[in-house]
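Okay, so here's the structure we're looking at.
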Amino acid sequence: MTYIIGEPCIGTKDTSCVDVCPVDCIHPRSDEEGFEAEKMLYIDPDECIDCGACEPACPVAAIGPEDAPIEGVSQDEWDKWLTINTDWFKK
């Protein structure tokens, strides 16, 4: 299982989640090329260890486990965000 970043992150990109991630699986970091151009942050599902440290660190409640959508989001919609997060790392 992995954690997912969803729609509330768009335009926010608060990097509090990046700071607490023990495996550095959330990108782009503010010091990475392309950070300014991205609309949101993404969690690499292959690197995420499912620790959950990022979820309470997010000030806009945009992060949750893949099998438990954030409040107000259906599982089908949440699955779309899993694909968005996964696809970002295929670039």
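Going through the structure tokens in order, the chains are called A, B, and so on, while each chain numbers its residues from 1 and the ligands are numbered from 1 in the order shown.
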* Find the residues near A:Thr86: any atom within 9 Å, counting only C-alpha atoms, skip ones fewer than 4 places away on the same chain, and give them as a list in words. =>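 What passes the distance filter is Tyr42, Ile43, Asp44, Pro45, Asp46, Trp81, Leu82 and Lys90 of chain A.
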With N, CA and C atoms kept, could you save the residues just selected as a PDB file, in the first residue's frame?
ATOM      1  N   TYR A  42       3.940  14.943  -5.217  1.00  0.00           N
ATOM      2  CA  TYR A  42       3.561  13.579  -5.560  1.00  0.00           C
ATOM      3  C   TYR A  42       4.316  12.592  -4.675  1.00  0.00           C
ATOM      4  N   ILE A  43       3.671  11.482  -4.363  1.00  0.00           N
ATOM      5  CA  ILE A  43       4.306  10.413  -3.586  1.00  0.00           C
ATOM      6  C   ILE A  43       4.611   9.252  -4.520  1.00  0.00           C
ATOM      7  N   ASP A  44       5.853   8.814  -4.497  1.00  0.00           N
ATOM      8  CA  ASP A  44       6.278   7.686  -5.316  1.00  0.00           C
ATOM      9  C   ASP A  44       5.770   6.398  -4.666  1.00  0.00           C
ATOM     10  N   PRO A  45       4.824   5.701  -5.299  1.00  0.00           N
ATOM     11  CA  PRO A  45       4.254   4.499  -4.692  1.00  0.00           C
ATOM     12  C   PRO A  45       5.249   3.347  -4.556  1.00  0.00           C
ATOM     13  N   ASP A  46       6.297   3.368  -5.359  1.00  0.00           N
ATOM     14  CA  ASP A  46       7.309   2.317  -5.255  1.00  0.00           C
ATOM     15  C   ASP A  46       8.264   2.551  -4.096  1.00  0.00           C
ATOM     16  N   TRP A  81      -6.248   9.733  -8.370  1.00  0.00           N
ATOM     17  CA  TRP A  81      -5.089  10.435  -7.805  1.00  0.00           C
ATOM     18  C   TRP A  81      -3.906   9.483  -7.617  1.00  0.00           C
ATOM     19  N   LEU A  82      -4.160   8.219  -7.358  1.00  0.00           N
ATOM     20  CA  LEU A  82      -3.074   7.232  -7.305  1.00  0.00           C
ATOM     21  C   LEU A  82      -2.384   7.160  -8.661  1.00  0.00           C
ATOM     22  N   LYS A  90       6.971   8.369 -13.775  1.00  0.00           N
ATOM     23  CA  LYS A  90       7.319   7.675 -15.018  1.00  0.00           C
ATOM     24  C   LYS A  90       7.909   8.620 -16.054  1.00  0.00           C
TER      25      LYS A  90
END
Using only C-alpha atoms, which residues sit within 10 Å of stretch 10-22 of chain A once same-chain residues fewer than 2 positions away are excluded, as an mmCIF file with C-alpha atoms, in the first residue's frame?
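Output file selection21.cif is given in full below:
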data_model
loop_
_atom_site.group_PDB
_atom_site.id
_atom_site.type_symbol
_atom_site.label_atom_id
_atom_site.label_comp_id
_atom_site.auth_asym_id
_atom_site.auth_seq_id
_atom_site.Cartn_x
_atom_site.Cartn_y
_atom_site.Cartn_z
ATOM 1 C CA ILE A 5 -1.497 13.221 -2.483
ATOM 2 C CA GLY A 6 -4.760 14.544 -3.869
ATOM 3 C CA GLU A 7 -6.417 17.688 -5.204
ATOM 4 C CA PRO A 8 -6.114 19.893 -2.078
ATOM 5 C CA ASP A 24 12.379 10.856 0.650
ATOM 6 C CA CYS A 25 9.555 9.621 -1.602
ATOM 7 C CA ILE A 26 7.692 12.945 -1.981
ATOM 8 C CA HIS A 27 8.680 15.129 -4.922
ATOM 9 C CA PRO A 28 9.462 17.586 -6.224
ATOM 10 C CA ARG A 29 11.296 19.004 -3.238
ATOM 11 C CA SER A 30 11.645 22.779 -3.117
ATOM 12 C CA PHE A 35 9.521 22.599 -8.298
ATOM 13 C CA GLU A 36 8.077 25.979 -9.294
ATOM 14 C CA GLU A 38 4.635 21.764 -10.740
ATOM 15 C CA LYS A 39 1.114 22.382 -9.448
ATOM 16 C CA MET A 40 1.394 19.892 -6.588
ATOM 17 C CA LEU A 41 3.601 17.321 -4.857
ATOM 18 C CA TYR A 42 3.561 13.579 -5.560
ATOM 19 C CA ILE A 43 4.306 10.413 -3.586
ATOM 20 C CA CYS A 48 6.554 4.841 0.004
ATOM 21 C CA ILE A 49 6.900 2.590 3.074
ATOM 22 C CA CYS A 51 4.574 4.908 7.553
ATOM 23 C CA GLY A 52 1.921 7.640 7.459
ATOM 24 C CA ALA A 53 4.235 10.392 8.732
ATOM 25 C CA CYS A 54 3.217 12.671 5.864
ATOM 26 C CA GLU A 55 -0.518 12.579 6.491
ATOM 27 C CA PRO A 56 -0.686 14.612 9.736
ATOM 28 C CA ALA A 57 2.037 16.967 8.439
ATOM 29 C CA CYS A 58 -0.120 18.130 5.516
ATOM 30 C CA PRO A 59 -1.802 21.447 6.385
ATOM 31 C CA VAL A 60 -4.530 21.004 3.744
ATOM 32 C CA ALA A 62 -4.439 16.276 0.908
ATOM 33 C CA ILE A 63 -2.729 13.007 1.889
#
* Asked: Quick one, how far is atom CA of A:Asp76 from atom CA of A:Met1?
  ->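 Computed distance, atom CA of A:Asp76 to atom CA of A:Met1, equals 16.2 Å.
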Apply DSSP to the structure's backbone, then extract all residues of chain A labelled strand (DSSP E or B) and return them as an mmCIF file with C-alpha atoms, in the first residue's frame.
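Output (part13.cif):
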data_model
loop_
_atom_site.group_PDB
_atom_site.id
_atom_site.type_symbol
_atom_site.label_atom_id
_atom_site.label_comp_id
_atom_site.auth_asym_id
_atom_site.auth_seq_id
_atom_site.Cartn_x
_atom_site.Cartn_y
_atom_site.Cartn_z
ATOM 1 C CA TYR A 3 -0.042 7.059 0.472
ATOM 2 C CA ILE A 4 -1.449 9.458 -2.127
ATOM 3 C CA ILE A 5 -1.497 13.221 -2.483
ATOM 4 C CA ILE A 26 7.692 12.945 -1.981
ATOM 5 C CA HIS A 27 8.680 15.129 -4.922
ATOM 6 C CA TYR A 42 3.561 13.579 -5.560
ATOM 7 C CA ILE A 43 4.306 10.413 -3.586
ATOM 8 C CA ILE A 63 -2.729 13.007 1.889
ATOM 9 C CA GLY A 64 -4.211 9.628 2.704
ATOM 10 C CA PRO A 65 -3.653 5.907 2.199
#
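Distance-wise, atom CA of A:Glu47 and atom CA of A:Asp67 end up 17.0 Å apart.
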